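Undergrad: Sharing a structure, written as structure tokens. Questions coming.
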Amino acid sequence: MNDQATQLRQIVKEKQPNINNNTPSAKIITVTSGKGGVGKSNTVVNLALSLKEKGKEVVILDADLGLANIEVLLGVIPRYNLSNVLTGNKTITEIIEENEDGIKFISGGSGINELMFLNKEQITKFANSVAELERIADYILIDTSAGITDAVLSFCRLAHEVIFITTPEPTSITDAYALIKTFQSDSDIDLPSIKIIVNKTESSKEAEEVYRKLANVCKHFLNMEIEYLGCVLFDYNVMKAAKIQEPICKSFPKSKASNDYRKIVNTLTDLKPKENTPAKGNLFKQVLKMFSKH
């Protein structure tokens with residue numbers, strides 16, 4: 001990674017005259033968690049469907065190496081993955097899959113590991129390739145692996161906003177804080193907006209209490225603000241929908257969880273950037289930043 005950071009400074013210097021900072025950029029949202037089993041992938045597919053219902057074009061990047069939950073939840077077996085792009089066999093748009101509801105996704109596959117070891121030429125090529133997504137997407141949702149890894153931190157650096165999923169379980173809250181702490185120490189001062197969704201909660205009151213505890217710890221020990229995006233009430237229909245490989249927002253559109261996902265999307269799309277939040281620039285620069293460490 002240190003070699004990559006040196007290479008990227010030179011790439012940015014070379015590319016800077018050709019970059020138009022006013023070019024509209026797809027919003028990149030990375031969804032992550034400190035531990036597995038908190039409903040991260042379910043959250044991603046249901047946010048995607050809810051965004052599509054609002055007329056937004058969405059592409060999911062399944063960056064959860066080895067688990068491939070997105071394709072299972074959508075009922076689609078991908079023909080290609082990021083490895084095909086990195087080897088030059090396919091372009092990024094050629095490996096996009098789409099389910100019957102029009103939800104587009106890209107399988108990361110073994111390409112997620114390969115991303116961490118690209119040379120200067122490969123990084124530039126990959127950045128140019130991913131930038132093509134701006135032509136077809138309003139939102140790019142990235143589903144990462146759980147836990148603290150270089151890949152997870154890199155995809156968090158790529159994002160405009162990072163959504164941390166936690167549940168009311170103490171271990172889930174502790175692991176979420178550990179990931180937030182590592183991400184803060186790993187990144188430069190231009191941190192993306194950090195938001196919290198409390199999943200599998202018994203009530204909105206319980207969820208708000210979980211958020212307050214986490215927010216207070218982050219404020220006290222990390223001197224950073226995190227935002228409450230919403231909660232998803234525990235709902236057995238989530239498991240029923242998963243068994244038939246559909247988002248709950250499609251299978252049970254009037255269920256508790258479906259209503260909560262739509263509320264979250266309404267909040268997400270209504271949010272305006274804070275006045276002191278620096279502009280992120282275009283997608284090419286964001287992908288370069290994904291590999292950078294200060």
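So you can find residues: chains in the structure tokens are A, B, ... in the order shown, residues in each start at 1, and ligands are numbered from 1 in order.
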Using DSSP on the backbone coordinates, identify the residues of stretch 74-249 of chain A assigned to helix (DSSP H, G or I); present them as a PDB file with C-alpha atoms, in the first residue's frame.
TA:
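This is the output file states-v6.pdb:
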ATOM      1  CA  LEU A  74     -31.229 -11.350  -5.816  1.00  0.00           C
ATOM      2  CA  LEU A  82     -14.012  -7.878 -11.168  1.00  0.00           C
ATOM      3  CA  SER A  83     -11.194 -10.256 -12.066  1.00  0.00           C
ATOM      4  CA  ASN A  84     -12.394 -10.130 -15.671  1.00  0.00           C
ATOM      5  CA  VAL A  85     -12.009  -6.340 -15.635  1.00  0.00           C
ATOM      6  CA  LEU A  86      -8.571  -6.418 -14.020  1.00  0.00           C
ATOM      7  CA  THR A  93     -20.211  -2.251 -17.758  1.00  0.00           C
ATOM      8  CA  GLU A  94     -19.939  -5.667 -19.415  1.00  0.00           C
ATOM      9  CA  ILE A  95     -19.860  -7.504 -16.087  1.00  0.00           C
ATOM     10  CA  GLY A 111     -11.006  -9.487  -7.871  1.00  0.00           C
ATOM     11  CA  ILE A 112     -11.450  -7.893  -4.432  1.00  0.00           C
ATOM     12  CA  ASN A 113      -8.192  -9.419  -3.203  1.00  0.00           C
ATOM     13  CA  GLU A 114      -6.463  -8.604  -6.491  1.00  0.00           C
ATOM     14  CA  LEU A 115      -7.391  -4.914  -6.090  1.00  0.00           C
ATOM     15  CA  LYS A 120       0.372   2.086 -11.177  1.00  0.00           C
ATOM     16  CA  GLU A 121      -0.812   1.211 -14.677  1.00  0.00           C
ATOM     17  CA  GLN A 122      -3.454  -1.208 -13.407  1.00  0.00           C
ATOM     18  CA  ILE A 123      -4.755   1.289 -10.827  1.00  0.00           C
ATOM     19  CA  THR A 124      -5.175   3.964 -13.487  1.00  0.00           C
ATOM     20  CA  LYS A 125      -6.913   1.543 -15.820  1.00  0.00           C
ATOM     21  CA  PHE A 126      -9.244   0.376 -13.072  1.00  0.00           C
ATOM     22  CA  ALA A 127     -10.052   3.965 -12.055  1.00  0.00           C
ATOM     23  CA  ASN A 128     -10.946   4.861 -15.638  1.00  0.00           C
ATOM     24  CA  SER A 129     -13.068   1.727 -15.917  1.00  0.00           C
ATOM     25  CA  VAL A 130     -15.044   2.360 -12.726  1.00  0.00           C
ATOM     26  CA  ALA A 131     -15.580   5.990 -13.760  1.00  0.00           C
ATOM     27  CA  GLU A 132     -17.757   4.625 -16.583  1.00  0.00           C
ATOM     28  CA  LEU A 133     -20.388   3.827 -13.953  1.00  0.00           C
ATOM     29  CA  GLU A 134     -21.175   7.547 -13.694  1.00  0.00           C
ATOM     30  CA  ARG A 135     -22.926   7.262 -17.055  1.00  0.00           C
ATOM     31  CA  ASP A 150      -7.452  -3.451   4.192  1.00  0.00           C
ATOM     32  CA  ALA A 151     -10.175  -4.084   1.595  1.00  0.00           C
ATOM     33  CA  VAL A 152     -12.951  -2.849   3.910  1.00  0.00           C
ATOM     34  CA  LEU A 153     -10.998   0.296   4.832  1.00  0.00           C
ATOM     35  CA  SER A 154     -10.214   0.974   1.163  1.00  0.00           C
ATOM     36  CA  PHE A 155     -13.866   0.769   0.143  1.00  0.00           C
ATOM     37  CA  CYS A 156     -14.756   3.060   3.046  1.00  0.00           C
ATOM     38  CA  ARG A 157     -12.204   5.606   1.791  1.00  0.00           C
ATOM     39  CA  LEU A 158     -13.815   5.438  -1.641  1.00  0.00           C
ATOM     40  CA  PRO A 170     -23.314  -5.448  22.873  1.00  0.00           C
ATOM     41  CA  THR A 171     -20.760  -7.312  20.724  1.00  0.00           C
ATOM     42  CA  SER A 172     -22.165  -5.747  17.574  1.00  0.00           C
ATOM     43  CA  ILE A 173     -21.965  -2.246  19.056  1.00  0.00           C
ATOM     44  CA  THR A 174     -18.406  -2.852  20.303  1.00  0.00           C
ATOM     45  CA  ASP A 175     -17.270  -4.179  16.937  1.00  0.00           C
ATOM     46  CA  ALA A 176     -18.895  -1.254  15.113  1.00  0.00           C
ATOM     47  CA  TYR A 177     -16.984   1.183  17.333  1.00  0.00           C
ATOM     48  CA  ALA A 178     -13.713  -0.703  16.736  1.00  0.00           C
ATOM     49  CA  LEU A 179     -14.183  -0.429  12.962  1.00  0.00           C
ATOM     50  CA  ILE A 180     -15.088   3.274  13.154  1.00  0.00           C
ATOM     51  CA  LYS A 181     -12.017   3.923  15.325  1.00  0.00           C
ATOM     52  CA  THR A 182      -9.706   2.072  12.921  1.00  0.00           C
ATOM     53  CA  PHE A 183     -11.204   3.847   9.918  1.00  0.00           C
ATOM     54  CA  GLN A 184     -10.729   7.245  11.534  1.00  0.00           C
ATOM     55  CA  SER A 185      -7.078   6.575  12.375  1.00  0.00           C
ATOM     56  CA  ASP A 186      -6.472   5.091   8.917  1.00  0.00           C
ATOM     57  CA  SER A 204     -37.258   2.716  17.585  1.00  0.00           C
ATOM     58  CA  LYS A 205     -36.617   3.767  21.194  1.00  0.00           C
ATOM     59  CA  GLU A 206     -34.132   0.925  21.655  1.00  0.00           C
ATOM     60  CA  ALA A 207     -32.437   1.831  18.352  1.00  0.00           C
ATOM     61  CA  GLU A 208     -32.072   5.487  19.312  1.00  0.00           C
ATOM     62  CA  GLU A 209     -30.509   4.457  22.633  1.00  0.00           C
ATOM     63  CA  VAL A 210     -27.995   2.250  20.808  1.00  0.00           C
ATOM     64  CA  TYR A 211     -27.108   5.169  18.551  1.00  0.00           C
ATOM     65  CA  ARG A 212     -26.735   7.577  21.472  1.00  0.00           C
ATOM     66  CA  LYS A 213     -24.327   5.226  23.243  1.00  0.00           C
ATOM     67  CA  LEU A 214     -22.237   4.789  20.121  1.00  0.00           C
ATOM     68  CA  ALA A 215     -22.332   8.499  19.279  1.00  0.00           C
ATOM     69  CA  ASN A 216     -21.278   9.494  22.802  1.00  0.00           C
ATOM     70  CA  VAL A 217     -18.298   7.127  22.750  1.00  0.00           C
ATOM     71  CA  CYS A 218     -17.212   8.371  19.302  1.00  0.00           C
ATOM     72  CA  LYS A 219     -17.520  11.979  20.443  1.00  0.00           C
ATOM     73  CA  HIS A 220     -15.673  11.440  23.721  1.00  0.00           C
ATOM     74  CA  PHE A 221     -12.811   9.220  22.574  1.00  0.00           C
ATOM     75  CA  LEU A 222     -12.505  10.018  18.844  1.00  0.00           C
ATOM     76  CA  ASN A 237     -40.510 -11.635   6.955  1.00  0.00           C
ATOM     77  CA  VAL A 238     -36.862 -10.775   6.270  1.00  0.00           C
ATOM     78  CA  MET A 239     -35.980 -14.462   6.587  1.00  0.00           C
ATOM     79  CA  LYS A 240     -38.992 -15.486   4.503  1.00  0.00           C
ATOM     80  CA  ALA A 241     -37.932 -13.125   1.717  1.00  0.00           C
ATOM     81  CA  ALA A 242     -34.348 -14.379   1.850  1.00  0.00           C
ATOM     82  CA  LYS A 243     -35.543 -17.976   1.396  1.00  0.00           C
ATOM     83  CA  ILE A 248     -38.346  -7.968   1.553  1.00  0.00           C
ATOM     84  CA  CYS A 249     -39.439  -4.654   0.030  1.00  0.00           C
TER      85      CYS A 249
END
Undergrad: So that I can see what lies close to stretch 37-45 of chain A, please list as a PyMOL selection string the residues with an atom at most 8 Å from it, counting only C-alpha atoms and leaving out residues fewer than 2 positions away in the same chain.
TA: chain A and resi 31-33+35+47-49+60+69-70+73-74+141-143+165-167+172+199-200+247+261
Undergrad: Could you work out how far atom CA of A:Val232 lies from atom CA of A:Gly109, giving the answer in Å with one decimal?
TA: 28.6 Å
Undergrad: Could you pull out the residues in stretch 49-149 of chain A that DSSP calls strand (DSSP E) from the backbone, as a list of chain:residue names?
TA: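 Selection result, strand (DSSP E) within stretch 49-149 of chain A: A:Val58, A:Val59, A:Ile60, A:Leu61, A:Asp62, A:Ala63, A:Glu97, A:Glu98, A:Lys104, A:Phe105, A:Ile106, A:Ser107, A:Tyr139, A:Ile140, A:Leu141, A:Ile142, A:Asp143, A:Thr144.
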Undergrad: Would you save the residues of that selection, restricted to C-alpha atoms, as a tab-separated table (two decimals), in the first residue's frame?
TA:
chain	number	residue	atom	x	y	z
A	58	VAL	CA	-28.41	2.03	-8.66
A	59	VAL	CA	-25.45	-0.32	-9.10
A	60	ILE	CA	-24.39	-2.61	-6.25
A	61	LEU	CA	-20.78	-3.72	-5.95
A	62	ASP	CA	-20.64	-6.98	-4.00
A	63	ALA	CA	-17.27	-6.60	-2.31
A	97	GLU	CA	-25.78	-8.27	-13.91
A	98	GLU	CA	-29.42	-7.29	-13.46
A	104	LYS	CA	-27.91	-3.96	-11.17
A	105	PHE	CA	-24.93	-5.49	-9.41
A	106	ILE	CA	-21.28	-6.33	-9.94
A	107	SER	CA	-19.72	-9.42	-8.41
A	139	TYR	CA	-25.94	5.67	-6.60
A	140	ILE	CA	-23.23	3.03	-6.22
A	141	LEU	CA	-23.80	0.85	-3.16
A	142	ILE	CA	-20.82	-1.19	-1.95
A	143	ASP	CA	-21.41	-4.21	0.27
A	144	THR	CA	-18.14	-4.98	2.08
Undergrad: Can you work out which one of A:Ser255, A:Glu100, A:Ile244, A:Ile264 has the shortest atom-to-atom distance to A:Lys195, counting only C-alpha atoms?
TA: A:Ile264
Undergrad: Please measure the separation of atom CA of A:Ala146 and atom CA of A:Leu67, giving the value in Å to one decimal.
TA: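 A separation of 10.5 Å between them.
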Undergrad: Find the residues near A:Leu233: any atom within 6 Å, counting only C-alpha atoms, skip ones fewer than 3 places away on the same chain, and give them as a list in words.
TA: Lys200, Thr201, Glu202 and Ala257 of chain A
